[in-house]
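Raw coords-v5.csv, CSV, C-alpha atoms:
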```
chain,number,residue,atom,x,y,z
A,830,MET,CA,127.6,-114.5,-39.0
A,831,LYS,CA,128.3,-112.0,-36.3
A,832,THR,CA,130.8,-109.2,-37.1
A,833,GLU,CA,133.0,-110.1,-34.2
A,834,ASN,CA,133.1,-113.8,-35.1
A,835,LEU,CA,134.0,-112.9,-38.7
A,836,GLU,CA,136.7,-110.5,-37.5
A,837,MET,CA,138.2,-113.2,-35.3
A,838,LEU,CA,138.3,-115.5,-38.3
A,839,LEU,CA,139.8,-112.8,-40.5
A,840,LEU,CA,142.5,-112.2,-37.8
A,841,ASP,CA,143.2,-116.0,-37.5
A,842,ARG,CA,143.4,-116.1,-41.3
A,843,ALA,CA,145.8,-113.2,-41.4
A,844,LEU,CA,148.0,-114.7,-38.7
A,845,GLY,CA,147.9,-118.1,-40.4
A,846,GLN,CA,146.2,-119.8,-37.5
A,847,LEU,CA,143.2,-121.1,-39.3
A,848,ALA,CA,142.8,-124.8,-40.1
A,849,PRO,CA,142.9,-125.4,-43.9
A,850,GLU,CA,139.2,-126.4,-44.2
A,851,VAL,CA,138.1,-123.4,-42.2
A,852,ALA,CA,140.4,-121.1,-44.2
A,853,GLU,CA,138.8,-122.5,-47.3
A,854,MET,CA,135.3,-121.7,-46.0
A,855,VAL,CA,136.3,-118.1,-45.1
A,856,ASP,CA,137.8,-117.6,-48.5
A,857,GLU,CA,134.5,-118.7,-50.1
A,858,HIS,CA,132.7,-116.2,-47.9
A,859,LEU,CA,135.1,-113.4,-48.8
A,860,ALA,CA,134.6,-114.1,-52.5
A,861,ARG,CA,130.9,-113.6,-52.1
A,862,ASP,CA,131.1,-110.6,-49.8
A,863,PRO,CA,133.1,-107.6,-51.1
A,864,ALA,CA,132.7,-105.6,-47.9
A,865,ALA,CA,134.1,-108.5,-45.9
A,866,ALA,CA,136.9,-108.9,-48.4
A,867,ARG,CA,137.8,-105.2,-48.0
A,868,CYS,CA,137.8,-105.6,-44.2
A,869,ALA,CA,140.0,-108.7,-44.5
A,870,GLU,CA,142.4,-106.7,-46.6
A,871,GLU,CA,142.5,-103.9,-44.0
A,872,TRP,CA,143.2,-106.4,-41.2
A,873,ALA,CA,145.9,-108.0,-43.2
A,874,ALA,CA,147.5,-104.7,-44.1
A,875,THR,CA,147.4,-103.6,-40.5
A,876,LEU,CA,149.0,-106.8,-39.3
A,877,GLN,CA,151.6,-106.6,-42.1
A,878,LEU,CA,152.6,-103.0,-41.0
A,879,ALA,CA,152.7,-104.1,-37.4
A,880,ARG,CA,154.9,-107.0,-38.2
A,881,ALA,CA,157.2,-104.8,-40.2
A,882,THR,CA,157.3,-102.3,-37.3
A,883,VAL,CA,158.1,-104.8,-34.6
A,884,ALA,CA,160.6,-106.6,-36.8
A,885,ALA,CA,162.9,-103.6,-36.8
A,886,GLU,CA,166.0,-104.3,-34.9
A,887,ASN,CA,165.8,-101.2,-32.8
A,888,PHE,CA,162.1,-101.6,-32.0
A,889,GLN,CA,161.4,-101.3,-28.4
A,890,VAL,CA,158.1,-101.3,-26.5
A,891,GLY,CA,156.9,-97.8,-26.3
A,892,ASP,CA,156.5,-97.4,-22.5
A,893,SER,CA,158.7,-98.7,-19.7
A,894,GLY,CA,158.6,-102.4,-20.7
A,895,ALA,CA,156.1,-105.2,-21.0
A,896,GLY,CA,156.3,-106.3,-17.5
A,897,LEU,CA,157.3,-103.2,-15.7
A,898,ALA,CA,153.8,-101.8,-15.5
A,899,ARG,CA,152.6,-105.1,-14.0
A,900,VAL,CA,155.4,-105.2,-11.5
A,901,ARG,CA,154.7,-101.6,-10.5
A,902,ARG,CA,151.0,-102.3,-10.1
A,903,ALA,CA,151.7,-105.4,-8.1
A,904,TRP,CA,154.2,-103.5,-5.9
A,905,ARG,CA,151.7,-100.7,-5.4
A,906,TRP,CA,149.1,-103.2,-4.2
A,907,ARG,CA,151.6,-104.9,-2.0
A,908,SER,CA,152.6,-101.6,-0.4
A,909,ALA,CA,149.0,-100.7,0.1
A,910,GLY,CA,148.4,-104.1,1.7
A,911,VAL,CA,151.3,-103.6,4.0
A,912,GLU,CA,149.9,-100.2,5.1
A,913,VAL,CA,146.5,-101.8,5.7
A,914,MET,CA,148.1,-104.5,7.8
A,915,LYS,CA,150.0,-102.0,9.8
A,916,LEU,CA,146.8,-100.0,10.4
A,917,ALA,CA,144.9,-103.2,11.4
A,918,ALA,CA,147.7,-104.2,13.8
A,919,CYS,CA,147.5,-100.7,15.4
A,920,VAL,CA,143.8,-101.0,15.8
A,921,ALA,CA,144.0,-104.5,17.3
A,922,LEU,CA,146.7,-103.3,19.7
A,923,GLY,CA,144.6,-100.4,20.8
A,924,LEU,CA,141.5,-102.5,21.3
A,925,ALA,CA,143.6,-105.1,23.3
A,926,ALA,CA,145.1,-102.3,25.5
A,927,GLY,CA,141.7,-100.8,26.1
A,928,TRP,CA,140.2,-104.1,27.0
A,929,ALA,CA,143.0,-104.8,29.5
A,930,MET,CA,142.8,-101.3,31.1
A,931,ARG,CA,139.1,-101.0,31.2
A,932,ALA,CA,137.4,-99.9,34.5
A,933,PRO,CA,136.9,-102.7,37.1
A,934,ARG,CA,133.6,-104.4,37.1
A,935,SER,CA,131.1,-103.0,39.6
A,936,MET,CA,130.5,-105.0,42.7
A,937,PRO,CA,127.2,-106.8,43.1
A,938,ALA,CA,124.7,-104.9,45.2
A,939,ALA,CA,124.2,-107.7,47.8
A,940,ILE,CA,126.7,-110.2,49.0
A,941,THR,CA,125.3,-113.5,50.2
A,942,VAL,CA,127.4,-115.0,53.0
A,943,ALA,CA,127.3,-118.8,53.1
A,944,GLY,CA,127.7,-119.1,56.8
A,945,PRO,CA,130.1,-118.5,59.7
A,946,VAL,CA,133.6,-119.8,59.1
A,947,ARG,CA,135.3,-121.4,62.0
A,948,VAL,CA,139.0,-120.6,62.3
A,949,ARG,CA,141.2,-122.2,64.8
A,950,ALA,CA,143.6,-119.7,66.5
A,951,MET,CA,147.2,-120.6,65.9
A,952,SER,CA,149.8,-120.3,68.7
A,953,PRO,CA,152.3,-117.6,67.9
A,954,SER,CA,155.4,-118.9,66.4
A,955,PRO,CA,158.4,-118.7,68.8
A,956,SER,CA,160.9,-116.0,68.3
A,957,PRO,CA,164.0,-117.2,66.4
A,958,ALA,CA,166.1,-115.7,69.1
A,959,ALA,CA,164.7,-118.2,71.6
A,960,ALA,CA,166.5,-121.0,69.8
A,961,PHE,CA,169.9,-119.7,70.7
A,962,TRP,CA,171.8,-121.6,73.3
A,963,ILE,CA,172.1,-118.9,75.9
A,964,ALA,CA,172.8,-119.3,79.6
A,965,ALA,CA,169.2,-118.8,80.6
A,966,ARG,CA,168.1,-121.5,78.2
A,967,ARG,CA,170.8,-123.8,79.5
A,968,GLU,CA,169.6,-123.3,83.0
A,969,ALA,CA,166.0,-123.9,82.1
A,970,GLU,CA,167.0,-127.0,80.3
A,971,ALA,CA,169.0,-128.2,83.3
A,972,ASN,CA,166.0,-127.6,85.6
A,973,ARG,CA,163.7,-129.5,83.2
A,974,ARG,CA,166.0,-132.5,83.4
A,975,GLY,CA,166.2,-132.4,87.1
A,976,GLY,CA,169.3,-130.4,87.6
A,977,GLU,CA,171.4,-132.7,85.5
A,978,ALA,CA,173.0,-131.4,82.4
A,979,SER,CA,173.2,-133.4,79.2
A,980,PRO,CA,176.3,-135.7,79.1
A,981,ARG,CA,177.2,-134.3,75.7
A,982,THR,CA,177.1,-130.7,77.0
A,983,THR,CA,179.0,-131.1,80.2
A,984,VAL,CA,180.9,-127.9,80.6
A,985,ASP,CA,183.1,-126.9,83.5
A,986,TRP,CA,181.9,-123.3,83.8
A,987,GLY,CA,184.1,-122.7,86.8
A,988,LYS,CA,187.2,-123.4,84.8
A,989,ILE,CA,185.9,-121.1,82.0
A,990,ASP,CA,185.3,-118.4,84.5
A,991,ARG,CA,188.8,-118.8,85.9
A,992,ILE,CA,190.3,-118.6,82.5
A,993,GLY,CA,188.4,-115.5,81.8
A,994,THR,CA,189.5,-113.9,85.0
A,995,THR,CA,193.1,-114.8,84.2
A,996,LYS,CA,193.0,-113.2,80.8
A,997,ASP,CA,191.4,-110.1,82.2
A,998,SER,CA,194.0,-109.8,84.9
A,999,ARG,CA,196.7,-109.8,82.2
B,223,MET,CA,171.5,-137.0,-18.5
B,224,ASN,CA,173.7,-136.6,-21.6
B,225,PHE,CA,170.6,-136.6,-23.8
B,226,ALA,CA,169.0,-133.9,-21.7
B,227,ARG,CA,172.1,-131.8,-21.8
B,228,ALA,CA,172.4,-132.2,-25.5
B,229,GLN,CA,168.8,-131.2,-25.9
B,230,MET,CA,169.3,-128.2,-23.7
B,231,GLU,CA,172.4,-127.2,-25.7
B,232,ARG,CA,170.4,-127.5,-28.9
B,233,LEU,CA,167.6,-125.4,-27.4
B,234,TYR,CA,170.2,-122.8,-26.4
B,235,CYS,CA,171.6,-122.5,-29.9
B,236,GLU,CA,168.2,-122.3,-31.4
B,237,LEU,CA,166.5,-119.9,-29.0
B,238,ALA,CA,169.1,-117.8,-27.4
B,239,PRO,CA,169.1,-115.1,-30.2
B,240,ALA,CA,165.4,-114.9,-30.0
B,241,LEU,CA,165.4,-114.6,-26.3
B,242,ARG,CA,168.1,-112.0,-26.4
B,243,SER,CA,166.0,-110.0,-28.8
B,244,TYR,CA,163.0,-110.5,-26.6
B,245,PHE,CA,164.7,-109.0,-23.6
B,246,ARG,CA,166.5,-106.2,-25.6
B,247,ARG,CA,163.2,-105.0,-27.0
B,248,GLN,CA,162.0,-104.2,-23.5
B,249,PRO,CA,163.7,-101.0,-22.3
B,250,ALA,CA,163.7,-102.0,-18.7
B,251,LEU,CA,165.4,-105.3,-19.4
B,252,ALA,CA,167.6,-104.4,-22.4
B,253,GLY,CA,170.7,-103.7,-20.3
B,254,ALA,CA,170.6,-107.1,-18.7
B,255,ALA,CA,169.6,-109.1,-21.7
B,256,ASP,CA,172.5,-111.4,-21.8
B,257,ASP,CA,172.3,-112.2,-18.0
B,258,LEU,CA,168.6,-112.8,-18.4
B,259,VAL,CA,169.1,-115.2,-21.2
B,260,HIS,CA,171.5,-117.2,-19.1
B,261,ASP,CA,169.2,-117.1,-16.1
B,262,THR,CA,166.4,-118.3,-18.3
B,263,PHE,CA,168.4,-121.3,-19.4
B,264,VAL,CA,169.7,-122.1,-16.0
B,265,ARG,CA,166.1,-122.2,-14.7
B,266,ALA,CA,165.0,-124.2,-17.7
B,267,TRP,CA,167.8,-126.7,-17.0
B,268,ARG,CA,166.8,-127.0,-13.4
B,269,ARG,CA,163.2,-127.8,-14.4
B,270,ALA,CA,164.0,-129.8,-17.5
B,271,ASP,CA,161.6,-132.5,-16.4
B,272,ARG,CA,158.7,-130.2,-17.2
B,273,LEU,CA,159.8,-129.7,-20.8
B,274,GLY,CA,157.8,-132.7,-21.8
B,275,GLU,CA,154.6,-131.3,-20.4
B,276,SER,CA,154.9,-128.1,-22.5
B,277,VAL,CA,153.2,-127.3,-25.8
B,278,SER,CA,156.6,-126.8,-27.3
B,279,ALA,CA,160.1,-126.2,-26.2
B,280,ARG,CA,159.8,-122.7,-27.5
B,281,ALA,CA,156.8,-122.0,-25.4
B,282,TYR,CA,158.5,-123.6,-22.4
B,283,VAL,CA,161.6,-121.4,-22.7
B,284,PHE,CA,159.7,-118.2,-23.4
B,285,GLY,CA,157.4,-118.9,-20.4
B,286,ILE,CA,160.4,-119.1,-18.2
B,287,ALA,CA,162.0,-116.0,-19.8
B,288,ARG,CA,158.9,-114.0,-19.1
B,289,HIS,CA,159.0,-114.9,-15.4
B,290,VAL,CA,162.8,-114.3,-15.3
B,291,GLY,CA,162.2,-110.8,-16.6
B,292,LEU,CA,159.4,-110.1,-14.1
B,293,ASP,CA,161.5,-111.4,-11.2
B,294,TRP,CA,164.4,-109.3,-12.4
B,295,LEU,CA,162.2,-106.2,-12.4
B,296,ARG,CA,160.7,-107.1,-9.0
B,297,ALA,CA,164.2,-107.5,-7.5
B,298,ARG,CA,165.1,-103.9,-8.4
B,299,ARG,CA,162.8,-101.6,-6.7
B,300,GLU,CA,164.5,-98.4,-7.7
B,301,TRP,CA,163.1,-98.1,-11.2
B,302,VAL,CA,164.6,-95.8,-13.7
B,303,GLU,CA,161.9,-93.6,-15.2
B,304,LEU,CA,161.9,-94.2,-18.9
B,305,PRO,CA,160.6,-91.8,-21.6
B,306,GLU,CA,156.9,-92.3,-22.3
B,307,GLN,CA,157.8,-93.3,-25.9
B,308,ALA,CA,160.9,-95.0,-27.1
B,309,ALA,CA,163.1,-92.9,-29.2
B,310,ALA,CA,162.5,-93.3,-32.9
B,311,PRO,CA,165.4,-94.5,-34.9
B,312,ALA,CA,167.3,-91.8,-36.7
B,313,ASP,CA,167.3,-93.5,-40.0
B,314,GLU,CA,163.6,-94.3,-40.0
B,315,SER,CA,161.8,-92.2,-42.5
B,316,ASP,CA,158.6,-94.1,-43.0
B,317,GLU,CA,155.9,-92.2,-41.3
B,318,ARG,CA,153.6,-95.3,-41.4
B,319,LEU,CA,156.1,-97.2,-39.3
B,320,ASP,CA,156.4,-94.4,-36.8
B,321,ALA,CA,152.6,-94.1,-36.6
B,322,MET,CA,152.4,-97.9,-36.0
B,323,ARG,CA,155.1,-97.8,-33.4
B,324,ALA,CA,153.2,-95.1,-31.5
B,325,ALA,CA,150.0,-97.0,-31.9
B,326,ILE,CA,151.5,-100.2,-30.5
B,327,ALA,CA,152.9,-98.1,-27.6
B,328,ARG,CA,149.4,-97.0,-26.8
B,329,LEU,CA,148.0,-100.5,-26.6
B,330,ALA,CA,147.0,-101.9,-23.2
B,331,GLU,CA,149.9,-103.9,-21.9
B,332,PRO,CA,148.3,-107.4,-22.0
B,333,GLN,CA,147.3,-106.8,-25.6
B,334,ARG,CA,150.7,-105.5,-26.6
B,335,GLU,CA,152.5,-108.3,-24.9
B,336,THR,CA,150.3,-110.9,-26.7
B,337,LEU,CA,150.7,-109.1,-30.1
B,338,LEU,CA,154.5,-108.9,-29.7
B,339,LEU,CA,154.8,-112.6,-28.8
B,340,ARG,CA,152.8,-113.4,-32.0
B,341,LEU,CA,154.5,-111.0,-34.3
B,342,GLN,CA,158.0,-110.9,-33.0
B,343,GLN,CA,158.5,-114.4,-31.7
B,344,GLU,CA,156.1,-116.1,-34.1
B,345,LEU,CA,154.5,-118.1,-31.3
B,346,SER,CA,151.3,-119.9,-32.0
B,347,TYR,CA,148.1,-119.3,-30.0
B,348,GLU,CA,148.7,-122.3,-27.8
B,349,GLU,CA,152.3,-121.3,-27.2
B,350,ILE,CA,151.3,-117.8,-26.3
B,351,ALA,CA,148.6,-119.1,-23.9
B,352,GLU,CA,151.2,-121.2,-22.1
B,353,VAL,CA,153.7,-118.4,-21.9
B,354,LEU,CA,151.2,-116.0,-20.5
B,355,GLY,CA,149.3,-118.6,-18.5
B,356,VAL,CA,145.9,-117.7,-20.0
B,357,PRO,CA,143.4,-119.7,-22.1
B,358,VAL,CA,143.7,-119.8,-25.8
B,359,GLY,CA,140.5,-117.9,-26.2
B,360,THR,CA,141.9,-115.1,-24.2
B,361,VAL,CA,144.9,-114.9,-26.5
B,362,ARG,CA,142.6,-114.7,-29.5
B,363,SER,CA,140.5,-112.1,-27.8
B,364,ARG,CA,143.5,-110.0,-26.9
B,365,LEU,CA,144.9,-110.2,-30.4
B,366,HIS,CA,141.6,-109.2,-31.9
B,367,HIS,CA,141.2,-106.2,-29.6
B,368,ALA,CA,144.8,-105.2,-30.2
B,369,VAL,CA,144.5,-105.2,-34.0
B,370,GLN,CA,141.1,-103.5,-33.8
B,371,ARG,CA,142.6,-100.8,-31.6
B,372,LEU,CA,145.5,-100.4,-34.0
B,373,GLN,CA,143.1,-99.9,-36.8
B,374,GLU,CA,141.1,-97.4,-34.7
B,375,ILE,CA,144.3,-95.4,-34.0
B,376,LEU,CA,145.7,-95.5,-37.5
B,377,HIS,CA,142.6,-95.0,-39.5
B,378,PRO,CA,140.0,-92.3,-39.0
B,379,ALA,CA,137.1,-93.4,-37.0
B,380,PRO,CA,134.4,-93.2,-39.7
B,381,GLU,CA,136.3,-95.5,-42.0
B,382,THR,CA,136.6,-98.1,-39.4
B,383,LYS,CA,133.0,-97.8,-38.4
B,384,ASN,CA,131.9,-98.0,-42.0
B,385,ALA,CA,134.0,-101.1,-42.5
B,386,ARG,CA,132.5,-102.7,-39.5
B,387,THR,CA,129.0,-101.7,-40.5
B,388,ALA,CA,129.6,-103.1,-44.0
B,389,LEU,CA,130.3,-106.5,-42.5
B,390,THR,CA,126.9,-106.9,-41.0
```
Represent the structure from my file as structure tokens, please.
Amino acid sequence: MKTENLEMLLLDRALGQLAPEVAEMVDEHLARDPAAARCAEEWAATLQLARATVAAENFQVGDSGAGLARVRRAWRWRSAGVEVMKLAACVALGLAAGWAMRAPRSMPAAITVAGPVRVRAMSPSPSPAAAFWIAARREAEANRRGGEASPRTTVDWGKIDRIGTTKDSR
Amino acid sequence: MNFARAQMERLYCELAPALRSYFRRQPALAGAADDLVHDTFVRAWRRADRLGESVSARAYVFGIARHVGLDWLRARREWVELPEQAAAPADESDERLDAMRAAIARLAEPQRETLLLRLQQELSYEEIAEVLGVPVGTVRSRLHHAVQRLQEILHPAPETKNARTALT
């Protein structure tokens, strides 16, 4: 039997975790092997002392707590992970900015023209001022209609002129 | 519902002292032991349906208690630095107990936690495995290494080596 296997069995025996039939077999082996029996006694004595120590009412775990070390370790890894993520984000941002601001692509050496493009000249758009209803426009309109003003726009210009004269004279 | 409540009350009466002791023996948690016991049972009550899936009620409650303690530590980022070794009791005169206390303090944390669950709380291998979320073989291995390490610390190296050699 390997030493480690026997030690495991001795530990199980000392902790009362062996099945009865296995415990019986181990006891038979210990009865035949004084060295193993002495080792078993050492294990049992160590466990008994450890049990007495931890059973003390004021016993506390020696360092900063059973889980504290694990939490600290996890927090340290988490902090390191956050730092790595920040660095990765900065690098990605820099690469994206560099890609966006990179020099424009060089033009091709030769440009092939497909053919002449026919463009129809467009008449210039009339000035907006031409749309106002000014006297010159009115006159032109009247001439176009044969000297006859539109019935809706019949205006007695002589009367208006007279009124203007009267107001000015006042 | 009433049955579940009665069962939880029975569990509380049975396990609350052990849980309080479990928390008080961890310096970082000792100050909040009572609150942590209550938190443990509140969480256990909320997940009472999982009680039947557990190895035992004791393992179930201690498994929750362990997570409650870790969550409590995690929630407080400003940790108080504690002395490297717990202060020895004034009335303790047995040097062997002092030496064993120092030796336990020097164990690796997983080994120490496993050993304490076995020796303090008297949990079985299966229960410890459930509390820690590891296989039973790992529990055995940790206990083996823990006791082996204690022997190495407490006894001079030649004796331990001789004893191990004598077994082969």
Q) So how far away is atom CA of Ala270 of chain B from atom CA of Ala228 of chain B, in Å? A) 11.8 Å
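Interatomic distance, atom CA of Glu317 of chain B against atom CA of Ile375 of chain B: 14.1 Å.
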Q.
So the first atom is atom CA of Gly927 of chain A and the second is atom CA of Lys915 of chain A; what is the distance between them in Å, to one decimal place?
A. 18.3 Å
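Proximity to Ala254 of chain B at 10 Å, evaluated using only C-alpha atoms and with sequence-adjacent residues fewer than 6 positions away removed, yields Arg242, Phe245, Arg246, Gly291 and Trp294 of chain B.
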Take the selection from the previous step and output its residues with C-alpha atoms, as a tab-separated table (two decimals), keeping the file's coordinate frame.
```tsv
chain	number	residue	atom	x	y	z
B	242	ARG	CA	168.10	-112.00	-26.40
B	245	PHE	CA	164.70	-109.00	-23.60
B	246	ARG	CA	166.50	-106.20	-25.60
B	291	GLY	CA	162.20	-110.80	-16.60
B	294	TRP	CA	164.40	-109.30	-12.40
```
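Each of B:Leu365, B:Ile350, B:Cys235, B:Leu241 was compared to chain A using all atoms listed in the file, and B:Leu365 turns out to be the nearest.
Here the question is which of A:Ala860, A:Met854, A:Ala869, A:Ala884 gets nearest to chain B using all atoms listed in the file, and that residue is A:Ala884.
Shortest atom-to-atom contact with chain A among B:Leu329, B:Ala351, B:Leu339, B:Leu319: B:Leu319, counting all atoms listed in the file.
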(Q) Residues near Glu352 of chain B, anyone? I mean within 9 Å using only C-alpha atoms, not counting same-chain ones fewer than 5 positions away, as a PyMOL selection string. (A) chain B and resi 276-277+281-282+285+347+357-358
Q: Do a neighbour search on Ile326 of chain B at 10 Å with all atoms listed in the file, toss out local chain neighbours closer than 6 positions, and write the hits as a PyMOL selection string.
A: (chain A and resi 879+882-883+890-892) or (chain B and resi 320+333-335+337-338+368-369+371-372+375)
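Closest approach to chain B among A:Arg967, A:Arg867, A:Arg842, A:His858: A:Arg867, based on only C-alpha atoms.
Remark: for chain B, the closest of the candidate residues A:Asp862, A:Asp856, A:Glu968, A:Glu912 is A:Asp862 (distances computed over only C-alpha atoms).
Nearest residue to chain A among B:Pro239, B:Gly274, B:Pro332, B:Gly355 is B:Pro332, counting only C-alpha atoms.
Every protein or nucleic acid residue with an atom no more than 10 Å from His289 of chain B, counting all atoms listed in the file and leaving out same-chain residues fewer than 6 positions away, appears here: Gly896 of chain A; Thr262, Leu295, Val353 and Leu354 of chain B.
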For C-alpha atoms, I'd like the residues from the last selection saved as a PDB file, in the coordinates of the input.
```
ATOM      1  CA  GLY A 896     156.300-106.300 -17.500  1.00  0.00           C
TER       2      GLY A 896
ATOM      3  CA  THR B 262     166.400-118.300 -18.300  1.00  0.00           C
ATOM      4  CA  LEU B 295     162.200-106.200 -12.400  1.00  0.00           C
ATOM      5  CA  VAL B 353     153.700-118.400 -21.900  1.00  0.00           C
ATOM      6  CA  LEU B 354     151.200-116.000 -20.500  1.00  0.00           C
TER       7      LEU B 354
END
```
Centre and edge lengths, as lines of an AutoDock Vina configuration file, for the axis-aligned box enclosing every listed atom of segment 288-298 of chain B with 4 Å of padding on each of the six sides, in Å to one decimal?
```
center_x = 162.0
center_y = -109.4
center_z = -13.3
size_x = 14.2
size_y = 19.0
size_z = 19.6
```
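Within 8 Å of segment 843-848 of chain A, once all atoms listed in the file are used and residues closer than 2 positions along the same chain are dropped, the contacting residues are Leu838, Leu839, Leu840, Asp841, Glu850, Val851, Ala852, Ala869, Trp872, Ala873 and Leu876 of chain A; Ser346 and Tyr347 of chain B.
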Generate a file of the selected residues that holds C-alpha atoms, formatted as a PDB file, keeping the file's coordinate frame.
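Ended up saving to part.pdb:
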```
ATOM      1  CA  LEU A 838     138.300-115.500 -38.300  1.00  0.00           C
ATOM      2  CA  LEU A 839     139.800-112.800 -40.500  1.00  0.00           C
ATOM      3  CA  LEU A 840     142.500-112.200 -37.800  1.00  0.00           C
ATOM      4  CA  ASP A 841     143.200-116.000 -37.500  1.00  0.00           C
ATOM      5  CA  GLU A 850     139.200-126.400 -44.200  1.00  0.00           C
ATOM      6  CA  VAL A 851     138.100-123.400 -42.200  1.00  0.00           C
ATOM      7  CA  ALA A 852     140.400-121.100 -44.200  1.00  0.00           C
ATOM      8  CA  ALA A 869     140.000-108.700 -44.500  1.00  0.00           C
ATOM      9  CA  TRP A 872     143.200-106.400 -41.200  1.00  0.00           C
ATOM     10  CA  ALA A 873     145.900-108.000 -43.200  1.00  0.00           C
ATOM     11  CA  LEU A 876     149.000-106.800 -39.300  1.00  0.00           C
TER      12      LEU A 876
ATOM     13  CA  SER B 346     151.300-119.900 -32.000  1.00  0.00           C
ATOM     14  CA  TYR B 347     148.100-119.300 -30.000  1.00  0.00           C
TER      15      TYR B 347
END
```
